[in-house]
Each structure stands twice: as C-alpha cells, then as structure tokens.
file structure-v6.pdb (PDB, C-alpha atoms (C1' of nucleotides))
MODEL        1
ATOM      1  CA  MET A 287       0.000   0.000   0.000
ATOM      2  CA  VAL A 288       1.320   3.397  -0.955
ATOM      3  CA  PRO A 289       0.868   6.297   1.462
ATOM      4  CA  ASP A 290      -1.120   9.243   0.221
ATOM      5  CA  PRO A 291       0.898  12.092  -1.181
ATOM      6  CA  VAL A 292       0.773  14.981   1.275
ATOM      7  CA  PRO A 293      -0.492  17.943  -0.705
ATOM      8  CA  GLY A 294       0.155  20.568   1.947
ATOM      9  CA  ALA A 295       3.546  20.786   3.624
ATOM     10  CA  GLY A 296       6.740  20.233   1.695
ATOM     11  CA  ALA A 297       5.022  19.121  -1.470
ATOM     12  CA  THR A 298       7.131  21.353  -3.695
ATOM     13  CA  ASP A 299      10.209  20.248  -1.849
ATOM     14  CA  ASP A 300       9.456  16.587  -2.448
ATOM     15  CA  LEU A 301       8.702  17.274  -6.083
ATOM     16  CA  PHE A 302      12.004  18.996  -6.802
ATOM     17  CA  LYS A 303      13.927  16.393  -4.845
ATOM     18  CA  LEU A 304      12.368  13.735  -7.059
ATOM     19  CA  LEU A 305      13.119  15.618 -10.256
ATOM     20  CA  ALA A 306      16.702  16.211  -9.138
ATOM     21  CA  ASP A 307      17.651  12.621  -9.885
ATOM     22  CA  PRO A 308      18.501  11.945 -13.545
ATOM     23  CA  THR A 309      17.362   8.319 -13.347
ATOM     24  CA  ARG A 310      13.908   9.363 -12.180
ATOM     25  CA  ARG A 311      13.673  12.045 -14.850
ATOM     26  CA  ARG A 312      14.614   9.461 -17.473
ATOM     27  CA  ILE A 313      11.917   7.128 -16.146
ATOM     28  CA  LEU A 314       9.395   9.925 -16.515
ATOM     29  CA  ASP A 315      10.703  10.644 -20.010
ATOM     30  CA  LEU A 316      10.279   7.029 -21.048
ATOM     31  CA  LEU A 317       6.780   6.870 -19.622
ATOM     32  CA  ALA A 318       5.888  10.145 -21.304
ATOM     33  CA  GLU A 319       6.935   8.949 -24.746
ATOM     34  CA  ARG A 320       5.803   5.321 -24.577
ATOM     35  CA  GLY A 321       2.721   5.732 -22.444
ATOM     36  CA  THR A 322       2.735   2.547 -20.355
ATOM     37  CA  LEU A 323       5.656   0.384 -19.297
ATOM     38  CA  THR A 324       6.320  -2.472 -16.915
ATOM     39  CA  VAL A 325       9.130  -2.432 -14.389
ATOM     40  CA  GLY A 326      11.007  -4.926 -16.496
ATOM     41  CA  GLN A 327      10.720  -2.843 -19.645
ATOM     42  CA  LEU A 328      11.934   0.194 -17.743
ATOM     43  CA  ALA A 329      14.779  -1.720 -16.120
ATOM     44  CA  ALA A 330      15.906  -2.880 -19.569
ATOM     45  CA  GLU A 331      16.594   0.760 -20.417
ATOM     46  CA  PHE A 332      19.097   1.017 -17.575
ATOM     47  CA  PRO A 333      21.781  -1.604 -18.280
ATOM     48  CA  ASP A 334      24.074  -0.444 -15.502
ATOM     49  CA  LEU A 335      21.352  -0.475 -12.894
ATOM     50  CA  VAL A 336      19.727  -3.263 -10.943
ATOM     51  CA  PRO A 337      15.955  -3.761 -11.417
ATOM     52  CA  SER A 338      15.120  -3.307  -7.768
ATOM     53  CA  GLY A 339      16.678   0.136  -7.975
ATOM     54  CA  ILE A 340      14.160   1.052 -10.650
ATOM     55  CA  SER A 341      11.414  -0.360  -8.498
ATOM     56  CA  LYS A 342      12.475   1.861  -5.623
ATOM     57  CA  HIS A 343      12.418   4.919  -7.854
ATOM     58  CA  LEU A 344       8.977   3.973  -9.087
ATOM     59  CA  MET A 345       7.779   3.655  -5.511
ATOM     60  CA  SER A 346       8.904   7.157  -4.640
ATOM     61  CA  LEU A 347       7.423   8.554  -7.841
ATOM     62  CA  ARG A 348       4.217   6.777  -6.996
ATOM     63  CA  ALA A 349       4.239   8.067  -3.412
ATOM     64  CA  ALA A 350       4.476  11.589  -4.794
ATOM     65  CA  GLY A 351       1.588  10.925  -7.147
ATOM     66  CA  LEU A 352       3.614  11.498 -10.300
ATOM     67  CA  VAL A 353       2.970   8.011 -11.670
ATOM     68  CA  ARG A 354       0.189   5.480 -11.255
ATOM     69  CA  ALA A 355       0.331   1.703 -11.399
ATOM     70  CA  THR A 356      -2.114  -1.042 -12.223
ATOM     71  CA  ARG A 357      -1.624  -4.777 -11.924
ATOM     72  CA  ASP A 358      -1.584  -6.952 -14.993
ATOM     73  CA  GLY A 359      -1.038 -10.505 -13.894
ATOM     74  CA  ARG A 360       2.310 -10.637 -12.202
ATOM     75  CA  GLN A 361       3.584  -7.440 -13.664
ATOM     76  CA  ARG A 362       2.763  -3.820 -12.904
ATOM     77  CA  LEU A 363       1.936  -1.293 -15.567
ATOM     78  CA  TYR A 364       3.238   2.149 -14.840
ATOM     79  CA  ARG A 365       2.057   5.343 -16.458
ATOM     80  CA  ILE A 366       2.343   9.051 -15.761
ATOM     81  CA  ASP A 367      -0.426  10.646 -13.794
ATOM     82  CA  PRO A 368      -1.738  12.995 -16.481
ATOM     83  CA  ASP A 369      -1.761  16.261 -14.575
ATOM     84  CA  ALA A 370       0.077  15.558 -11.344
ATOM     85  CA  LEU A 371       3.232  17.159 -12.722
ATOM     86  CA  SER A 372       1.549  20.309 -13.888
ATOM     87  CA  THR A 373      -0.591  20.823 -10.790
ATOM     88  CA  ALA A 374       2.496  20.355  -8.641
ATOM     89  CA  LEU A 375       4.767  22.644 -10.626
ATOM     90  CA  VAL A 376       2.411  25.428 -11.674
ATOM     91  CA  PRO A 377       2.131  26.986  -8.193
ATOM     92  CA  TRP A 378       5.886  27.301  -8.062
ATOM     93  CA  LEU A 379       6.263  28.457 -11.636
ATOM     94  CA  ALA A 380       3.651  31.111 -10.963
ATOM     95  CA  ARG A 381       5.989  32.816  -8.507
ATOM     96  CA  TYR A 382       8.269  33.678 -11.379
ATOM     97  CA  ALA A 383       5.444  34.666 -13.647
ATOM     98  CA  PRO A 384       7.039  37.985 -14.680
ATOM     99  CA  TYR A 385      10.127  36.133 -15.857
ATOM    100  CA  TRP A 386       8.078  33.626 -17.799
ATOM    101  CA  ALA A 387       5.645  35.456 -19.986
ATOM    102  CA  ASP A 388       7.865  35.353 -23.081
ATOM    103  CA  ALA A 389       8.850  31.715 -22.676
ATOM    104  CA  LEU A 390       5.268  30.628 -22.150
ATOM    105  CA  ALA A 391       4.344  31.544 -25.656
ATOM    106  CA  ARG A 392       6.917  29.130 -27.051
ATOM    107  CA  LEU A 393       5.904  26.403 -24.631
ATOM    108  CA  ARG A 394       2.250  26.882 -25.452
ATOM    109  CA  VAL A 395       2.935  26.431 -29.124
ATOM    110  CA  LEU A 396       4.864  23.237 -28.400
ATOM    111  CA  ALA A 397       2.102  21.964 -26.151
ATOM    112  CA  GLU A 398      -0.637  22.384 -28.702
ATOM    113  CA  ARG A 399       1.392  21.079 -31.599
ATOM    114  CA  ASP A 400       2.299  17.967 -29.641
ATOM    115  CA  ARG A 401      -1.261  17.451 -28.582
ATOM    116  CA  GLU A 402      -2.307  17.359 -32.230
ATOM    117  CA  ARG A 403       0.413  14.847 -33.001
ATOM    118  CA  THR A 404      -0.122  12.364 -30.190
ATOM    119  CA  ARG A 405      -3.855  12.557 -29.579
TER     120      ARG A 405
ATOM    121  CA  MET B 297      36.040  34.408 -10.832
ATOM    122  CA  VAL B 298      33.003  32.341 -11.653
ATOM    123  CA  PRO B 299      33.317  29.596 -14.281
ATOM    124  CA  ASP B 300      31.030  29.829 -17.270
ATOM    125  CA  PRO B 301      27.842  27.835 -17.001
ATOM    126  CA  VAL B 302      28.020  24.867 -19.363
ATOM    127  CA  PRO B 303      24.924  25.067 -21.544
ATOM    128  CA  GLY B 304      25.340  21.677 -23.218
ATOM    129  CA  ALA B 305      25.828  18.534 -21.125
ATOM    130  CA  GLY B 306      24.067  18.038 -17.830
ATOM    131  CA  ALA B 307      22.589  21.493 -17.740
ATOM    132  CA  THR B 308      19.129  20.260 -16.836
ATOM    133  CA  ASP B 309      20.631  18.015 -14.218
ATOM    134  CA  ASP B 310      22.476  20.870 -12.583
ATOM    135  CA  LEU B 311      19.365  23.004 -12.687
ATOM    136  CA  PHE B 312      17.154  20.487 -10.917
ATOM    137  CA  LYS B 313      19.834  19.723  -8.367
ATOM    138  CA  LEU B 314      19.979  23.398  -7.542
ATOM    139  CA  LEU B 315      16.222  23.721  -7.285
ATOM    140  CA  ALA B 316      16.055  20.639  -5.073
ATOM    141  CA  ASP B 317      17.390  22.562  -2.104
ATOM    142  CA  PRO B 318      14.710  24.529  -0.192
ATOM    143  CA  THR B 319      17.186  27.184   0.933
ATOM    144  CA  ARG B 320      18.176  27.932  -2.649
ATOM    145  CA  ARG B 321      14.565  28.055  -3.762
ATOM    146  CA  ARG B 322      13.817  30.479  -0.938
ATOM    147  CA  ILE B 323      16.745  32.647  -2.024
ATOM    148  CA  LEU B 324      15.313  32.742  -5.540
ATOM    149  CA  ASP B 325      11.883  33.538  -4.122
ATOM    150  CA  LEU B 326      13.241  36.465  -2.135
ATOM    151  CA  LEU B 327      15.148  37.801  -5.135
ATOM    152  CA  ALA B 328      12.091  37.390  -7.318
ATOM    153  CA  GLU B 329       9.870  39.419  -5.040
ATOM    154  CA  ARG B 330      12.327  42.085  -3.886
ATOM    155  CA  GLY B 331      14.396  42.433  -7.024
ATOM    156  CA  THR B 332      17.875  43.080  -5.662
ATOM    157  CA  LEU B 333      19.401  42.008  -2.359
ATOM    158  CA  THR B 334      22.807  41.915  -0.731
ATOM    159  CA  VAL B 335      24.226  38.804   0.873
ATOM    160  CA  GLY B 336      23.641  40.338   4.268
ATOM    161  CA  GLN B 337      19.998  41.087   3.551
ATOM    162  CA  LEU B 338      19.497  37.556   2.331
ATOM    163  CA  ALA B 339      21.334  36.062   5.293
ATOM    164  CA  ALA B 340      19.068  38.034   7.638
ATOM    165  CA  GLU B 341      16.150  36.020   6.272
ATOM    166  CA  PHE B 342      17.750  32.783   7.453
ATOM    167  CA  PRO B 343      18.195  33.135  11.235
ATOM    168  CA  ASP B 344      19.266  29.537  11.739
ATOM    169  CA  LEU B 345      21.873  29.676   9.024
ATOM    170  CA  VAL B 346      25.347  31.133   8.898
ATOM    171  CA  PRO B 347      26.011  33.896   6.307
ATOM    172  CA  SER B 348      28.794  32.044   4.569
ATOM    173  CA  GLY B 349      26.324  29.271   3.860
ATOM    174  CA  ILE B 350      24.165  31.737   1.958
ATOM    175  CA  SER B 351      27.230  32.950   0.139
ATOM    176  CA  LYS B 352      28.012  29.417  -0.958
ATOM    177  CA  HIS B 353      24.496  28.923  -2.264
ATOM    178  CA  LEU B 354      24.736  32.189  -4.154
ATOM    179  CA  MET B 355      27.981  31.041  -5.725
ATOM    180  CA  SER B 356      26.415  27.860  -7.048
ATOM    181  CA  LEU B 357      23.363  29.737  -8.283
ATOM    182  CA  ARG B 358      25.699  32.168  -9.971
ATOM    183  CA  ALA B 359      27.770  29.387 -11.527
ATOM    184  CA  ALA B 360      24.584  28.008 -13.053
ATOM    185  CA  GLY B 361      23.673  31.439 -14.390
ATOM    186  CA  LEU B 362      20.454  31.701 -12.408
ATOM    187  CA  VAL B 363      21.535  34.853 -10.594
ATOM    188  CA  ARG B 364      23.858  37.710 -11.416
ATOM    189  CA  ALA B 365      25.915  39.883  -9.090
ATOM    190  CA  THR B 366      27.316  43.377  -9.252
ATOM    191  CA  ARG B 367      29.642  45.055  -6.785
ATOM    192  CA  ASP B 368      28.483  48.060  -4.794
ATOM    193  CA  GLY B 369      31.332  49.143  -2.568
ATOM    194  CA  ARG B 370      32.069  46.274  -0.248
ATOM    195  CA  GLN B 371      28.796  44.533  -0.766
ATOM    196  CA  ARG B 372      27.455  42.500  -3.680
ATOM    197  CA  LEU B 373      24.042  43.046  -5.170
ATOM    198  CA  TYR B 374      22.362  39.876  -6.298
ATOM    199  CA  ARG B 375      19.463  39.636  -8.683
ATOM    200  CA  ILE B 376      17.807  36.949 -10.752
ATOM    201  CA  ASP B 377      18.981  36.535 -14.304
ATOM    202  CA  PRO B 378      15.759  37.496 -16.088
ATOM    203  CA  ASP B 379      15.381  34.545 -18.419
ATOM    204  CA  ALA B 380      17.962  32.002 -17.308
ATOM    205  CA  LEU B 381      15.331  30.049 -15.433
ATOM    206  CA  SER B 382      12.892  29.890 -18.294
ATOM    207  CA  THR B 383      15.445  29.064 -20.973
ATOM    208  CA  ALA B 384      16.781  26.287 -18.778
ATOM    209  CA  LEU B 385      13.417  24.808 -17.850
ATOM    210  CA  VAL B 386      11.440  25.187 -21.061
ATOM    211  CA  PRO B 387      13.319  22.461 -22.974
ATOM    212  CA  TRP B 388      12.483  20.020 -20.237
ATOM    213  CA  LEU B 389       8.909  21.183 -19.794
ATOM    214  CA  ALA B 390       8.408  20.819 -23.528
ATOM    215  CA  ARG B 391       8.878  17.063 -23.231
ATOM    216  CA  TYR B 392       5.669  16.892 -21.277
ATOM    217  CA  ALA B 393       3.855  19.281 -23.531
ATOM    218  CA  PRO B 394       0.772  17.044 -23.935
ATOM    219  CA  TYR B 395       0.340  16.976 -20.167
ATOM    220  CA  TRP B 396       0.703  20.707 -19.901
ATOM    221  CA  ALA B 397      -1.647  22.364 -22.321
ATOM    222  CA  ASP B 398      -4.437  22.872 -19.806
ATOM    223  CA  ALA B 399      -2.175  24.132 -17.037
ATOM    224  CA  LEU B 400      -0.431  26.560 -19.362
ATOM    225  CA  ALA B 401      -3.571  28.590 -19.781
ATOM    226  CA  ARG B 402      -3.739  29.216 -16.041
ATOM    227  CA  LEU B 403      -0.044  30.010 -15.845
ATOM    228  CA  ARG B 404      -0.270  32.371 -18.757
ATOM    229  CA  VAL B 405      -3.045  34.304 -17.075
ATOM    230  CA  LEU B 406      -0.959  34.541 -13.915
ATOM    231  CA  ALA B 407       2.076  35.647 -15.856
ATOM    232  CA  GLU B 408       0.358  38.483 -17.620
ATOM    233  CA  ARG B 409      -1.557  39.654 -14.587
ATOM    234  CA  ASP B 410       1.643  39.769 -12.551
ATOM    235  CA  ARG B 411       3.457  41.606 -15.281
ATOM    236  CA  GLU B 412       0.828  44.342 -15.161
ATOM    237  CA  ARG B 413       1.160  44.583 -11.401
ATOM    238  CA  THR B 414       4.935  44.687 -11.049
ATOM    239  CA  ARG B 415       6.058  46.425 -14.204
TER     240      ARG B 415
ATOM    241  C1'  DC C 127      46.392  54.466   7.526
ATOM    242  C1'  DC C 128      43.758  50.912   9.876
ATOM    243  C1'  DA C 129      40.245  48.722  12.239
ATOM    244  C1'  DA C 130      35.927  47.286  10.937
ATOM    245  C1'  DT C 131      32.841  45.721   7.489
ATOM    246  C1'  DA C 132      31.095  42.552   3.855
ATOM    247  C1'  DC C 133      31.788  38.653   1.387
ATOM    248  C1'  DA C 134      34.463  34.710  -0.516
ATOM    249  C1'  DT C 135      36.907  30.508   0.228
ATOM    250  C1'  DT C 136      38.685  26.511   2.318
ATOM    251  C1'  DA C 137      38.605  22.603   5.409
ATOM    252  C1'  DC C 138      35.975  19.736   7.957
ATOM    253  C1'  DT C 139      31.749  17.114   9.697
ATOM    254  C1'  DA C 140      27.316  14.846   9.631
ATOM    255  C1'  DC C 141      23.537  13.418   7.275
ATOM    256  C1'  DT C 142      21.022  12.136   3.099
ATOM    257  C1'  DA C 143      20.054   9.213  -0.477
ATOM    258  C1'  DG C 144      21.188   6.407  -4.668
ATOM    259  C1'  DG C 145      22.868   2.034  -5.418
ATOM    260  C1'  DT C 146      23.446  -3.128  -4.640
ATOM    261  C1'  DA C 147      22.495  -7.561  -2.529
ATOM    262  C1'  DA C 148      19.460 -10.473  -0.268
ATOM    263  C1'  DT C 149      15.053 -11.734   0.989
ATOM    264  C1'  DG C 150       9.963 -11.682   0.811
ATOM    265  C1'  DT C 151       5.395 -12.043  -1.749
ATOM    266  C1'  DA C 152       2.032 -12.719  -5.352
ATOM    267  C1'  DT C 153       1.057 -14.783  -9.786
ATOM    268  C1'  DT C 154       0.996 -18.179 -13.375
ATOM    269  C1'  DG C 155       2.527 -21.505 -17.077
ATOM    270  C1'  DG C 156       3.045 -26.442 -17.418
TER     271       DG C 156
ATOM    272  C1'  DC D 143       0.684 -28.134  -7.351
ATOM    273  C1'  DC D 144       5.178 -25.961  -7.906
ATOM    274  C1'  DA D 145       9.044 -23.998  -9.959
ATOM    275  C1'  DA D 146       9.746 -19.932 -12.257
ATOM    276  C1'  DT D 147       8.575 -15.216 -13.029
ATOM    277  C1'  DA D 148       7.898 -10.299 -11.753
ATOM    278  C1'  DC D 149       8.128  -7.046  -8.416
ATOM    279  C1'  DA D 150       8.417  -5.225  -3.650
ATOM    280  C1'  DT D 151      10.981  -4.661   0.520
ATOM    281  C1'  DT D 152      14.667  -4.593   3.679
ATOM    282  C1'  DA D 153      19.343  -3.995   5.150
ATOM    283  C1'  DC D 154      23.506  -2.218   4.162
ATOM    284  C1'  DC D 155      27.293   0.576   1.968
ATOM    285  C1'  DT D 156      29.144   4.648   0.006
ATOM    286  C1'  DA D 157      29.465   9.140  -2.431
ATOM    287  C1'  DG D 158      27.762  13.588  -2.518
ATOM    288  C1'  DT D 159      26.441  17.755  -0.134
ATOM    289  C1'  DA D 160      24.383  21.141   3.142
ATOM    290  C1'  DG D 161      25.965  23.059   7.018
ATOM    291  C1'  DT D 162      29.558  25.192  10.308
ATOM    292  C1'  DA D 163      33.984  27.102  11.627
ATOM    293  C1'  DA D 164      38.020  29.308  10.425
ATOM    294  C1'  DT D 165      40.613  31.935   7.429
ATOM    295  C1'  DG D 166      41.428  34.995   3.424
ATOM    296  C1'  DT D 167      40.512  39.341   0.655
ATOM    297  C1'  DA D 168      38.753  43.746  -0.822
ATOM    298  C1'  DT D 169      36.620  48.011   0.608
ATOM    299  C1'  DT D 170      35.765  52.050   3.338
ATOM    300  C1'  DG D 171      34.485  55.146   7.321
ATOM    301  C1'  DG D 172      36.957  57.817  10.631
TER     302       DG D 172
ENDMDL
END
call {"tool": "encode", "arguments": {"input": "structure-v6.pdb", "output": "structure tokens"}}
result
Amino acid sequence: MVPDPVPGAGATDDLFKLLADPTRRRILDLLAERGTLTVGQLAAEFPDLVPSGISKHLMSLRAAGLVRATRDGRQRLYRIDPDALSTALVPWLARYAPYWADALARLRVLAERDRERTR
Amino acid sequence: MVPDPVPGAGATDDLFKLLADPTRRRILDLLAERGTLTVGQLAAEFPDLVPSGISKHLMSLRAAGLVRATRDGRQRLYRIDPDALSTALVPWLARYAPYWADALARLRVLAERDRERTR
DNA sequence: CCAATACATTACTACTAGGTAATGTATTGG
DNA sequence: CCAATACATTACCTAGTAGTAATGTATTGG
C-alpha cells in the first residue's frame, strides 16, 4: 500500500527532490513517450542499474503521485499521472510569472502542436 | 572568478539539483519578489543559518547562471537573471507538452496579470 | 592608515540518499 | 501443485552535499 501524497507541507520540496535525480527524470521521459511500461521494460533501459533500484524509484514517484500503477497478472503497468506534474509545478512556476511570460508563448505552441500529433 | 555555465551537457541536471534545495529556492523567491538584495539582507532572512552558507548557495546559483551579481562598494548586489530560469526549464517542460496544455492557460493568465502589477 | 565591514573561500563534519544484494510475496505456465 | 517469473521490501554501503567554523581578501568610514 502506498501512502497518500501529502499535498500541503513540503510538497514542492518533495517534487524537486524527485526531479533532481537523472534516473527518475529518465523514467518519466520514457513513460511520457511510450505511455505505459512495466518495471522490467523500464529496467531494460538502464543496463548499468539493478531492477530493484528502478522499483524503488517507481515507488517514490508513486508516493508523490507522479505516476500510477495497475496490476496486470504478475507485472505492474506504470504510467504518468496525467496532470500531477503540472498541478504540482504550476504553483511554483507562478511565482516567477514575470520572468516567464515570453517563454510561455513558445511552450504553449509546443504543447498544442504535440497534442495534435499524439492525440 | 566564476566559471562559465556549461549550456550543453548536464545542464538540466544541474538546474534540478539546484532547485532541489529549499534554501536555494527560498533565495530565488526572495530575489524574485524584492528584485535586488545583498548577501547580508538575504542572510538576515535565514536566522538559523550562517552567512557564509548563503554565500556558498549564491555562488552555485551564480555558476549556473540563475543569478547575477554586481559590486556596490564592499557589498554584492544579487538579482535573478531574467530569463535564465525559463530558458533552462522550457526544454524540459516541452517534453511533457501534452500533459501541460491545460495548465499553461492558467499560468499564462498569472504571468500576464503579474506583469501588469509589477512592471 | 587601519580597524571594521562585507563577502568569498577553504577545510571539515554529519547526514542524506542512490545504489546493490538479499530476501519476501504474489502470480501463473506447465 | 510448484518452480519460475515479476516485483516489492529490507538492510547495508558509500558518495555527494548542506551546514559550520576558520581563514582569506577587498573596501571604506573615521
């Protein structure tokens, strides 16, 4: 059983700590581009890493609500929680709103173009 | 002398590692809301922290290009590099573009409203 | 000038956390 | 059924780092 992600205290801190690790960011990248992956499929992408290490990372990502898992027989299917990332990051990004306005235009274009392509 | 920030390899990694520390994020927050601060003014905001610790954080932030410093007599004035944050984060955020489109609208509203207020 | 101020820098310590190895727990093909 | 599969979990080790303390370096008021 995975403990509920605490939305109130230290949520931003936990988020950035999770994103600070390159392995976890790569896991998120892989899930973002392939949609759904098992632990084994993910572990295969990290040749110089032991599978249980990946499992541990997935547990922490899951505890933070960034990914979700469903059982499929004896394997677990992991996928990104669609808007957990954005809802967690937006409050922080908003603090630097004045510094962002110009960059947001570019990002918005990318977002909508990609949505056309993948949806 | 501060070494040039390496834009190519591991830039995103360095960025997230920097943002992972709550003290550094708070420093950025303070600079974002007050514009320009000396080391002493910043250190005064961290009662349970020694000034040289703040100085060290500022050095790493400066090495990554997130903040800039100018001399003013015997003190240094620190301020946020206007678009270093966005240019560093946008490439990464773009990877999750499909997950972002809805949140970007909210952020964009915040960005433009804040720009009216502070500019 | 020079003591005091304002940071920067270095050396050191303690704690965190990513990694592995070993073990535990469901699940299922045969 | 049961051995094998697919993860999860625990214990442990080690490297990286935030913090302090001590020292170094400009700068300036008096």
call {"tool": "interface_residues", "arguments": {"input": "structure-v6.pdb", "of": "chain A", "to": "chain C", "cutoff": "7 Å", "atoms": "only C-alpha atoms (C1' of nucleotides)", "output": "list in words"}}
result
Gly339, Gly359 and Arg360 of chain A
call {"tool": "atom_distance", "arguments": {"input": "structure-v6.pdb", "atom1": "atom CA of A:Asp367", "atom2": "atom CA of A:Arg392"}}
result
23.9 Å
call {"tool": "resolve_selection", "arguments": {"input": "structure-v6.pdb", "expression": "the PyMOL selection byres ((chain D) within 10 of (chain B))", "output": "VMD selection string"}}
result
chain D and resid 160 to 163 168 to 170
call {"tool": "interface_residues", "arguments": {"input": "structure-v6.pdb", "of": "chain A", "to": "chain B", "cutoff": "7 Å", "atoms": "all atoms listed in the file", "output": "VMD selection string"}}
result
chain A and resid 299 302 to 303 305 to 306 308 318 368 to 369 372 376 380 382 to 387 389 to 390 393 to 394 396 to 398 400 to 401
call {"tool": "residues_around", "arguments": {"input": "structure-v6.pdb", "residues": "stretch 354-357 of chain A", "least_positions_apart": "3", "cutoff": "10 Å", "atoms": "all atoms listed in the file", "output": "list in words"}}
result
Thr322, Leu323, Thr324, Leu344, Met345, Leu347, Arg348, Ala349, Ala350, Gly351, Arg360, Gln361, Arg362, Leu363, Tyr364, Arg365, Ile366, Asp367 and Pro368 of chain A
call {"tool": "atom_distance", "arguments": {"input": "structure-v6.pdb", "atom1": "atom CA of A:Glu331", "atom2": "atom C1' of D:DA146"}}
result
23.3 Å
call {"tool": "atom_distance", "arguments": {"input": "structure-v6.pdb", "atom1": "atom CA of A:Ala329", "atom2": "atom C1' of D:DC155"}}
result
22.1 Å
call {"tool": "axis_aligned_box", "arguments": {"input": "structure-v6.pdb", "around": "stretch 378-393 of chain A", "padding_each_side": "4 Å", "output": "lines of an AutoDock Vina configuration file"}}
result
center_x = 6.9
center_y = 32.2
center_z = -17.6
size_x = 14.5
size_y = 19.6
size_z = 27.0
